[in-house]
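Pasted below: model_29.txt, compact mmCIF, C-alpha atoms.
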```
# COMPACT_ATOMS: atom_id res chain seq x y z
CA MET X 277 -79.12 -73.78 -52.09
CA ASP X 278 -81.04 -70.72 -53.29
CA HIS X 279 -84.51 -70.86 -51.82
CA LEU X 280 -87.68 -69.67 -53.45
CA ASP X 281 -88.41 -66.04 -52.68
CA LEU X 282 -91.87 -64.81 -51.75
CA ASP X 283 -92.83 -64.17 -55.38
CA ARG X 284 -92.01 -67.72 -56.39
CA ILE X 285 -93.63 -69.24 -53.31
CA LEU X 286 -96.83 -67.45 -54.25
CA GLU X 287 -96.31 -68.46 -57.86
CA ALA X 288 -96.22 -72.05 -56.66
CA LEU X 289 -99.30 -71.49 -54.55
CA ALA X 290 -101.20 -70.43 -57.65
CA GLY X 291 -100.18 -73.47 -59.65
CA GLY X 292 -96.63 -72.44 -60.40
CA GLY X 293 -94.22 -73.53 -63.07
CA GLU X 294 -91.92 -76.50 -63.45
CA THR X 295 -88.96 -74.64 -61.89
CA GLU X 296 -90.88 -74.06 -58.64
CA LYS X 297 -92.26 -77.60 -58.59
CA ASN X 298 -88.81 -79.11 -59.08
CA HIS X 299 -87.33 -76.96 -56.37
CA LEU X 300 -90.11 -77.75 -53.91
CA ALA X 301 -89.70 -81.47 -54.46
CA GLY X 302 -86.23 -81.28 -52.96
CA CYS X 303 -86.53 -78.41 -50.48
CA GLU X 304 -88.18 -78.95 -47.13
CA ARG X 305 -87.80 -75.33 -46.07
CA CYS X 306 -89.61 -74.00 -49.14
CA ARG X 307 -92.34 -76.61 -48.79
CA ALA X 308 -92.84 -75.44 -45.20
CA GLU X 309 -93.04 -71.82 -46.38
CA LEU X 310 -95.57 -72.81 -49.04
CA GLU X 311 -97.66 -74.56 -46.39
CA ARG X 312 -97.45 -71.49 -44.17
CA TRP X 313 -98.92 -69.44 -47.00
CA ARG X 314 -101.64 -72.01 -47.59
CA GLY X 315 -102.54 -71.73 -43.89
CA ARG X 316 -102.58 -67.93 -44.11
CA LEU X 317 -104.94 -67.98 -47.07
CA GLU X 318 -107.11 -70.53 -45.29
CA ALA X 319 -107.39 -68.18 -42.31
CA LEU X 320 -108.03 -65.23 -44.62
CA ARG X 321 -110.83 -67.22 -46.26
CA ALA X 322 -112.50 -67.64 -42.85
CA ALA X 323 -112.07 -63.96 -41.98
CA ASP X 324 -113.37 -62.89 -45.38
CA ALA X 325 -116.53 -64.89 -44.75
CA GLU X 326 -117.18 -62.92 -41.54
CA GLU X 327 -119.06 -59.66 -41.59
CA VAL X 328 -120.12 -56.93 -39.25
CA THR X 329 -123.90 -57.09 -39.46
CA PRO X 330 -126.08 -53.95 -39.46
CA LYS X 331 -127.15 -54.78 -35.89
CA GLU X 332 -123.54 -55.12 -34.76
CA GLU X 333 -122.65 -51.87 -36.50
CA HIS X 334 -125.52 -50.17 -34.73
CA ARG X 335 -124.24 -51.40 -31.37
CA LEU X 336 -120.73 -50.21 -32.20
CA ARG X 337 -122.09 -46.80 -33.16
CA VAL X 338 -123.95 -46.60 -29.84
CA LEU X 339 -120.72 -47.42 -28.03
CA PHE X 340 -118.98 -44.62 -29.89
CA ARG X 341 -121.72 -42.12 -29.05
CA GLN X 342 -121.69 -43.09 -25.41
CA PHE X 343 -118.01 -43.63 -24.75
CA GLY X 344 -116.12 -42.24 -27.73
CA PRO X 345 -114.32 -38.92 -28.03
CA ALA X 346 -116.70 -36.06 -27.51
CA PRO X 347 -114.70 -32.82 -27.54
CA GLN X 348 -117.84 -30.79 -27.16
CA ARG X 349 -118.56 -32.49 -23.85
CA THR X 350 -116.11 -32.57 -20.98
CA PRO X 351 -116.65 -35.65 -18.85
CA LEU X 352 -117.64 -35.06 -15.25
CA LEU X 353 -114.80 -36.48 -13.21
CA ALA X 354 -116.08 -38.34 -10.18
CA ARG X 355 -114.44 -37.28 -6.93
CA LEU X 356 -113.75 -39.94 -4.35
CA VAL X 357 -115.77 -39.16 -1.25
CA ARG X 358 -115.05 -42.14 0.91
CA THR X 359 -113.65 -45.62 0.66
CA SER X 360 -114.01 -48.44 3.11
CA ALA X 361 -113.23 -52.12 3.44
CA GLN X 362 -116.39 -53.99 4.27
CA PRO X 363 -116.10 -57.52 5.54
CA THR X 364 -118.67 -59.67 3.81
CA PRO X 365 -119.45 -63.38 4.20
CA LEU X 366 -117.75 -64.03 0.88
CA ALA X 367 -114.76 -61.95 1.77
CA ALA X 368 -114.55 -63.61 5.18
CA THR X 369 -114.28 -67.06 3.65
CA ARG X 370 -111.57 -65.79 1.35
CA GLY X 371 -109.82 -63.76 3.98
CA ARG X 372 -110.34 -60.58 2.02
CA ALA X 373 -112.39 -57.47 2.46
CA ALA X 374 -114.63 -56.00 -0.17
CA ALA X 375 -113.66 -52.45 -1.05
CA LEU X 376 -116.51 -49.98 -1.30
CA SER X 377 -115.84 -46.56 -2.74
CA GLU X 378 -118.24 -43.66 -2.93
CA PHE X 379 -117.91 -40.94 -5.52
CA GLN X 380 -119.56 -37.60 -6.23
CA ALA X 381 -119.82 -36.08 -9.71
CA GLY X 382 -121.96 -32.97 -10.08
CA ALA X 383 -125.52 -33.94 -9.34
CA TYR X 384 -124.72 -37.64 -9.24
CA SER X 385 -123.43 -39.93 -6.56
CA ALA X 386 -121.90 -43.29 -7.33
CA THR X 387 -120.73 -46.35 -5.49
CA VAL X 388 -118.33 -48.98 -6.74
CA GLN X 389 -117.80 -52.18 -4.81
CA VAL X 390 -115.16 -54.78 -5.60
CA LEU X 391 -115.52 -58.35 -4.34
CA PRO X 392 -113.36 -61.41 -4.84
CA GLY X 393 -114.69 -63.50 -7.70
CA LYS X 394 -115.35 -67.19 -7.87
CA ARG X 395 -111.99 -67.80 -9.51
CA ALA X 396 -108.60 -66.80 -8.23
CA GLY X 397 -107.43 -63.49 -9.63
CA ARG X 398 -110.89 -62.49 -10.82
CA TYR X 399 -113.25 -59.98 -9.21
CA GLU X 400 -116.87 -58.94 -9.16
CA VAL X 401 -117.44 -55.22 -9.60
CA HIS X 402 -120.79 -53.73 -8.89
CA GLY X 403 -122.21 -50.41 -7.92
CA SER X 404 -124.77 -47.77 -8.65
CA LEU X 405 -125.27 -44.30 -10.00
CA LEU X 406 -127.98 -42.15 -8.48
CA ARG X 407 -129.09 -38.59 -9.07
CA ASP X 408 -129.21 -36.27 -6.08
CA GLY X 409 -132.35 -37.20 -4.26
CA GLY X 410 -131.76 -40.91 -4.72
CA GLU X 411 -133.40 -41.32 -8.12
CA ALA X 412 -131.80 -44.01 -10.28
CA ALA X 413 -129.94 -42.72 -13.33
CA ALA X 414 -130.76 -44.26 -16.70
CA GLY X 415 -127.96 -45.13 -19.07
CA SER X 416 -125.04 -47.48 -19.12
CA ALA X 417 -121.74 -48.13 -17.40
CA ALA X 418 -118.49 -49.25 -18.97
CA LEU X 419 -115.43 -50.73 -17.31
CA THR X 420 -112.27 -50.43 -19.36
CA GLY X 421 -108.65 -51.21 -18.69
CA GLU X 422 -105.46 -51.17 -20.69
CA ARG X 423 -103.55 -53.90 -18.86
CA PRO X 424 -105.02 -56.36 -19.06
CA PRO X 425 -106.97 -55.06 -22.07
CA TYR X 426 -110.49 -55.22 -20.75
CA GLY X 427 -113.72 -53.67 -21.91
CA ASP X 428 -117.28 -54.37 -20.93
CA ARG X 429 -120.47 -52.37 -20.80
CA HIS X 430 -123.84 -52.90 -19.15
CA SER X 431 -127.04 -50.94 -19.04
CA LEU X 432 -127.94 -49.58 -15.63
CA ASP X 433 -130.94 -51.38 -14.19
CA GLU X 434 -134.04 -49.72 -12.76
CA PHE X 435 -132.13 -49.03 -9.55
CA GLY X 436 -129.23 -47.43 -11.38
CA GLU X 437 -127.06 -50.47 -10.62
CA PHE X 438 -124.51 -52.31 -12.73
CA HIS X 439 -122.47 -55.45 -12.36
CA PHE X 440 -119.33 -56.81 -14.03
CA SER X 441 -118.13 -60.30 -13.29
CA GLY X 442 -114.85 -62.13 -13.82
CA VAL X 443 -112.80 -58.94 -13.95
CA PRO X 444 -109.02 -59.56 -13.83
CA GLY X 445 -107.00 -57.56 -11.32
CA GLY X 446 -105.67 -54.34 -12.77
CA THR X 447 -106.26 -50.63 -13.11
CA TYR X 448 -109.49 -49.54 -14.72
CA ARG X 449 -111.65 -46.63 -15.67
CA VAL X 450 -115.37 -46.59 -14.94
CA THR X 451 -117.46 -44.49 -17.28
CA TRP X 452 -121.18 -43.84 -17.10
CA ALA X 453 -123.15 -42.47 -20.03
CA VAL X 454 -126.34 -41.02 -18.55
CA ASP X 455 -128.73 -38.22 -19.42
CA GLY X 456 -126.41 -37.02 -22.20
CA GLU X 457 -123.60 -36.69 -19.64
CA ARG X 458 -120.45 -38.67 -19.27
CA ILE X 459 -119.16 -39.38 -15.79
CA GLU X 460 -115.78 -40.94 -15.16
CA VAL X 461 -113.88 -42.55 -12.34
CA GLU X 462 -110.47 -42.16 -13.90
CA GLU X 463 -108.66 -44.81 -11.93
CA LEU X 464 -110.00 -47.78 -10.07
CA THR X 465 -107.51 -50.35 -8.83
CA ILE X 466 -108.98 -53.80 -8.61
CA GLY X 467 -107.30 -56.59 -6.69
CA ASP X 468 -103.99 -56.74 -4.88
CA GLU X 469 -102.20 -56.87 -8.18
CA GLY X 470 -102.64 -53.16 -8.76
CA GLY X 471 -102.31 -53.66 -12.48
CA ARG X 472 -99.56 -56.26 -12.36
CA PRO X 473 -100.39 -59.51 -14.14
CA GLU X 474 -101.55 -62.01 -11.56
CA SER X 475 -99.72 -65.30 -11.30
CA MET L 1277 -108.06 -42.73 -36.97
CA ALA L 1278 -107.82 -38.96 -37.04
CA ARG L 1279 -111.49 -38.83 -38.01
CA CYS L 1280 -112.40 -41.20 -35.19
CA LEU L 1281 -110.47 -39.07 -32.73
CA ALA L 1282 -112.36 -36.02 -33.98
CA GLY L 1283 -115.59 -37.77 -33.04
CA ASP L 1284 -116.60 -38.91 -36.54
CA GLU L 1285 -119.01 -41.79 -35.99
CA ASP L 1286 -118.99 -42.84 -39.65
CA ALA L 1287 -115.21 -43.24 -39.54
CA TRP L 1288 -115.65 -45.44 -36.48
CA ALA L 1289 -118.18 -47.59 -38.32
CA GLU L 1290 -115.83 -47.86 -41.32
CA LEU L 1291 -113.02 -48.94 -39.03
CA TRP L 1292 -115.08 -51.87 -37.78
CA GLN L 1293 -116.37 -52.82 -41.21
CA ARG L 1294 -112.70 -53.19 -42.05
CA TYR L 1295 -111.35 -54.89 -38.93
CA GLY L 1296 -114.48 -56.37 -37.32
CA PRO L 1297 -114.37 -59.53 -39.49
CA VAL L 1298 -110.80 -60.21 -38.33
CA VAL L 1299 -111.76 -59.74 -34.68
CA LYS L 1300 -114.64 -62.18 -35.13
CA ALA L 1301 -112.45 -64.65 -37.02
CA VAL L 1302 -109.84 -64.54 -34.25
CA ALA L 1303 -112.59 -65.11 -31.68
CA ARG L 1304 -113.86 -68.14 -33.56
CA ARG L 1305 -110.36 -69.55 -33.88
CA ALA L 1306 -110.09 -69.32 -30.10
CA GLY L 1307 -113.31 -71.35 -29.79
CA CYS L 1308 -116.05 -68.71 -29.50
CA ASP L 1309 -119.53 -69.33 -30.85
CA ASP L 1310 -121.58 -66.70 -32.75
CA GLU L 1311 -122.80 -64.86 -29.70
CA GLU L 1312 -119.43 -64.89 -27.99
CA ALA L 1313 -117.74 -63.62 -31.15
CA ARG L 1314 -120.22 -60.71 -31.18
CA ASP L 1315 -119.40 -60.00 -27.52
CA VAL L 1316 -115.69 -60.11 -28.25
CA LEU L 1317 -116.23 -57.54 -31.01
CA GLN L 1318 -117.97 -55.19 -28.55
CA ARG L 1319 -115.31 -55.66 -25.91
CA VAL L 1320 -112.45 -55.06 -28.29
CA ALA L 1321 -114.23 -51.93 -29.53
CA LEU L 1322 -114.52 -50.65 -25.95
CA VAL L 1323 -110.82 -51.25 -25.29
CA ALA L 1324 -110.04 -49.47 -28.56
CA LEU L 1325 -112.26 -46.54 -27.57
CA GLN L 1326 -110.37 -45.90 -24.37
CA ASP L 1327 -107.11 -45.95 -26.24
CA LEU L 1328 -107.89 -44.36 -29.59
CA GLY L 1329 -104.79 -42.18 -29.47
CA ARG L 1330 -102.62 -45.27 -29.45
CA LEU L 1331 -104.18 -46.41 -32.70
CA ARG L 1332 -102.93 -43.43 -34.68
CA GLU L 1333 -100.24 -45.60 -36.26
CA SER L 1334 -102.39 -47.52 -38.69
CA ALA L 1335 -99.69 -50.09 -39.49
CA LYS L 1336 -99.73 -51.24 -35.89
CA LEU L 1337 -103.48 -51.36 -35.56
CA PRO L 1338 -104.17 -54.87 -36.94
CA GLY L 1339 -101.68 -56.61 -34.64
CA TRP L 1340 -102.93 -54.66 -31.65
CA LEU L 1341 -106.56 -55.52 -32.33
CA ALA L 1342 -105.75 -59.18 -32.99
CA GLY L 1343 -103.91 -59.48 -29.66
CA ILE L 1344 -106.78 -57.95 -27.72
CA ALA L 1345 -109.33 -60.05 -29.60
CA ARG L 1346 -107.46 -63.22 -28.74
CA TYR L 1347 -107.25 -62.35 -25.05
CA GLN L 1348 -110.94 -61.44 -24.84
CA ALA L 1349 -111.91 -64.57 -26.74
CA LEU L 1350 -109.88 -66.87 -24.48
CA GLU L 1351 -111.44 -65.24 -21.42
CA MET L 1352 -114.88 -65.76 -22.92
CA VAL L 1353 -114.27 -69.41 -23.72
CA ARG L 1354 -112.72 -70.20 -20.36
CA ARG L 1355 -115.57 -68.58 -18.50
CA ARG L 1356 -117.97 -71.21 -19.75
CA ARG L 1357 -115.67 -74.00 -18.58
CA PRO L 1358 -115.94 -73.79 -14.81
CA GLY L 1359 -113.13 -76.22 -14.11
CA GLU L 1360 -110.65 -74.46 -16.30
CA LYS L 1361 -108.21 -71.99 -14.84
CA LEU L 1362 -108.34 -68.43 -16.07
CA HIS L 1363 -104.99 -66.99 -17.01
CA ALA L 1364 -103.40 -63.62 -16.66
CA TRP L 1365 -102.97 -61.58 -19.81
CA SER L 1366 -99.22 -62.10 -19.71
CA ALA L 1367 -99.65 -65.86 -19.29
CA VAL L 1368 -101.97 -66.04 -22.29
CA ILE L 1369 -99.34 -64.37 -24.40
CA GLU L 1370 -96.28 -66.13 -23.05
CA ALA L 1371 -97.74 -69.61 -22.95
CA ASP L 1372 -99.36 -69.25 -26.33
CA PRO L 1373 -99.16 -72.70 -27.87
CA GLY L 1374 -97.88 -72.72 -31.42
CA ARG L 1375 -97.59 -68.94 -31.34
CA ALA L 1376 -101.27 -68.56 -32.11
CA ILE L 1377 -100.94 -64.87 -31.34
CA ASP L 1378 -98.55 -64.55 -34.26
CA ARG L 1379 -100.97 -66.34 -36.54
CA ASP L 1380 -103.80 -64.04 -35.44
CA ARG L 1381 -101.62 -61.03 -36.02
CA GLU L 1382 -100.63 -62.33 -39.44
CA LEU L 1383 -104.28 -62.81 -40.29
CA ALA L 1384 -105.09 -59.24 -39.32
CA ILE L 1385 -102.22 -57.93 -41.46
CA LEU L 1386 -103.12 -60.17 -44.39
CA ARG L 1387 -106.68 -58.92 -44.28
CA GLN L 1388 -105.37 -55.37 -44.31
CA ALA L 1389 -103.18 -56.28 -47.29
CA LEU L 1390 -106.18 -57.72 -49.11
CA LEU L 1391 -108.03 -54.46 -48.64
CA ARG L 1392 -105.05 -52.59 -50.10
CA VAL L 1393 -104.56 -54.49 -53.37
CA ASP L 1394 -106.34 -52.98 -56.35
CA GLU L 1395 -109.99 -53.79 -56.79
CA ARG L 1396 -109.58 -56.22 -59.67
CA CYS L 1397 -106.93 -58.21 -57.84
CA ARG L 1398 -109.10 -58.31 -54.74
CA ARG L 1399 -112.00 -59.67 -56.81
CA LEU L 1400 -109.78 -62.29 -58.42
CA ILE L 1401 -108.20 -63.41 -55.14
CA ARG L 1402 -111.63 -63.66 -53.56
CA ARG L 1403 -113.07 -65.71 -56.41
CA LEU L 1404 -110.07 -67.95 -57.01
CA ASP L 1405 -108.37 -68.31 -53.64
CA LEU L 1406 -110.86 -67.41 -50.93
CA LYS L 1407 -114.22 -68.53 -52.25
CA GLU L 1408 -115.24 -72.09 -51.56
CA PRO L 1409 -115.59 -73.72 -53.98
CA ALA L 1410 -113.46 -71.41 -56.10
CA ASP L 1411 -114.83 -70.11 -59.39
CA SER L 1412 -113.36 -71.55 -62.56
CA TYR L 1413 -110.95 -69.52 -64.71
CA ARG L 1414 -113.64 -69.49 -67.40
CA GLU L 1415 -116.23 -67.96 -65.03
CA VAL L 1416 -113.79 -65.34 -63.81
CA ALA L 1417 -112.67 -64.55 -67.37
CA GLU L 1418 -116.26 -64.00 -68.46
CA ALA L 1419 -117.03 -61.76 -65.51
CA GLU L 1420 -113.87 -59.71 -66.00
CA GLY L 1421 -114.04 -59.58 -69.78
CA LEU L 1422 -110.67 -61.33 -70.13
CA SER L 1423 -109.35 -64.34 -71.93
CA PRO L 1424 -109.35 -67.53 -69.81
CA THR L 1425 -105.66 -68.04 -70.57
CA SER L 1426 -104.80 -64.69 -69.00
CA ILE L 1427 -106.42 -65.51 -65.66
CA GLY L 1428 -103.62 -67.77 -64.39
CA PRO L 1429 -100.85 -65.18 -64.87
CA ILE L 1430 -103.04 -62.37 -63.51
CA ARG L 1431 -103.90 -64.47 -60.47
CA ARG L 1432 -100.23 -65.09 -59.80
CA ARG L 1433 -99.47 -61.39 -60.17
CA CYS L 1434 -102.25 -60.54 -57.76
CA LEU L 1435 -101.04 -63.03 -55.16
CA ARG L 1436 -97.55 -61.63 -55.48
CA ARG L 1437 -98.90 -58.13 -54.92
CA LEU L 1438 -100.78 -59.35 -51.87
CA GLY L 1439 -97.59 -60.97 -50.58
CA LYS L 1440 -95.55 -57.81 -51.09
CA ILE L 1441 -98.07 -55.63 -49.27
CA PHE L 1442 -98.28 -58.20 -46.49
CA ASP L 1443 -94.49 -58.19 -46.20
CA ARG L 1444 -94.36 -54.42 -46.04
CA LEU L 1445 -97.16 -54.15 -43.49
CA SER L 1446 -95.62 -56.91 -41.37
CA GLN L 1447 -92.36 -55.00 -41.17
CA ALA L 1448 -94.10 -51.70 -40.46
CA GLY L 1449 -96.25 -53.19 -37.71
CA SER L 1450 -93.73 -55.49 -36.09
CA GLY L 1451 -92.99 -55.20 -32.40
CA ASP L 1452 -96.14 -53.27 -31.81
CA HIS L 1453 -98.54 -55.59 -30.12
CA TYR L 1454 -98.73 -56.28 -26.44
CA GLN L 1455 -96.59 -59.35 -26.75
CA GLY L 1456 -93.57 -57.19 -27.31
CA GLU L 1457 -94.31 -55.06 -24.31
CA GLU L 1458 -94.88 -57.67 -21.65
```

Would you put the structure from the file into structure tokens?
Amino acid sequence: MDHLDLDRILEALAGGGETEKNHLAGCERCRAELERWRGRLEALRAADAEEVTPKEEHRLRVLFRQFGPAPQRTPLLARLVRTSAQPTPLAATRGRAAALSEFQAGAYSATVQVLPGKRAGRYEVHGSLLRDGGEAAAGSAALTGERPPYGDRHSLDEFGEFHFSGVPGGTYRVTWAVDGERIEVEELTIGDEGGRPES
Amino acid sequence: MARCLAGDEDAWAELWQRYGPVVKAVARRAGCDDEEARDVLQRVALVALQDLGRLRESAKLPGWLAGIARYQALEMVRRRRPGEKLHAWSAVIEADPGRAIDRDRELAILRQALLRVDERCRRLIRRLDLKEPADSYREVAEAEGLSPTSIGPIRRRCLRRLGKIFDRLSQAGSGDHYQGEE
């Protein structure tokens, strides 16, 4: 049996002619294809009703300014100064240590601490960014990863601290946007998975 | 994408005016509410920012964004259900019931196709196939300065054009998203 091609399926979707109707009456495969297209248009209807509001666009623009490509500015790469495994009450109950890493980037010093999260395979990441002299930096921190695809951003609080929760194990980049500068920890491995999908 | 990579903020905003609605629609299909859908949009944008170079191939962009949006949305939804297990990225993709990831990807491509048909067709498809309730042929004919009897054939032509572009984009973008790489 010759089945309806895409043109004729869409013809049928828009009312169609007798030929299409007759064929559809006796062809399960073409009816299924027609239904698939109905479903696609239904989904498109829902997407078409969505919009990016001016407020959302503003937030996206801010993200771009803070973390987007900025060829005129070379990011300050944070140098690892020291890393340690600190037993904590939480870690002790889980049989894991919390990793604390200290970084230096120009006139800034940063800490990043990774703790086991409340759920298996998820982690809490928190830390701080301070100017030399201990003054809290103002700005925001982003944690991004390719696998799993993760992206989150938080403003630094009055102590220059940030916190991300429920982070899946993987390899990440930490980026701070502060004082018109961009500071990066290029690679931060979180969890035992080291970027592998956890089971 | 080239403009985005060159640091053009307006190009970045245009990108999200184009694809943001799909990201939000995917988030809602995964069960996100308004606020969560907004968060998903931000998170997907951040992932995209770190990997802008990858997005140079525009045909592959919709599927890529839809896959990331789905993952972020599922994470978001599961986080508010304390008893529910969170899954790894690979598990979300592999155990995807009913191939929802494919449907999300199709949606993203179909939306891209809609933006590529000519303006009149886009208006007609919106008024006759996407608007709820749909406008009547008479209303559309009046607005377009056409005869009501011509609307049916034009509508069919427009849908066929949409289908052809969708087909082409689907082939160009196939095998791109994370699913194929896991």

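The closest residue to chain X, picked from L:Ile1401, L:Leu1435, L:Leu1341, L:Ala1313 and counting all atoms listed in the file, is L:Leu1435.
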
**Message:** Please return as a PyMOL selection string every residue within 8 Å of (-100.6, -68.8, -61.0), taking into account all atoms listed in the file and the file's own coordinates.
**Reply:** (chain X and resi 286-292) or (chain L and resi 1428-1433)

**Request:** Mind listing whatever residues come within 7 Å of the point (-104.1, -60.0, -37.4)? Use all atoms listed in the file, file coordinates, and give them as a PyMOL selection string.
**Result:** chain L and resi 1298+1338-1339+1342+1380-1385

**Item:** Which residue of L:Ser1334, L:Gln1447, L:Thr1425, L:Gln1388 approaches chain X most closely, using all atoms listed in the file
**Value:** L:Gln1388

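Between atom CA of Gly397 of chain X and atom CA of Gly442 of chain X the interatomic distance comes to 8.6 Å.
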
**Message:** Between atom CA of Leu317 of chain X and atom CA of Ala1410 of chain L, what distance in Å does the model show, to one decimal?
**Reply:** 12.9 Å
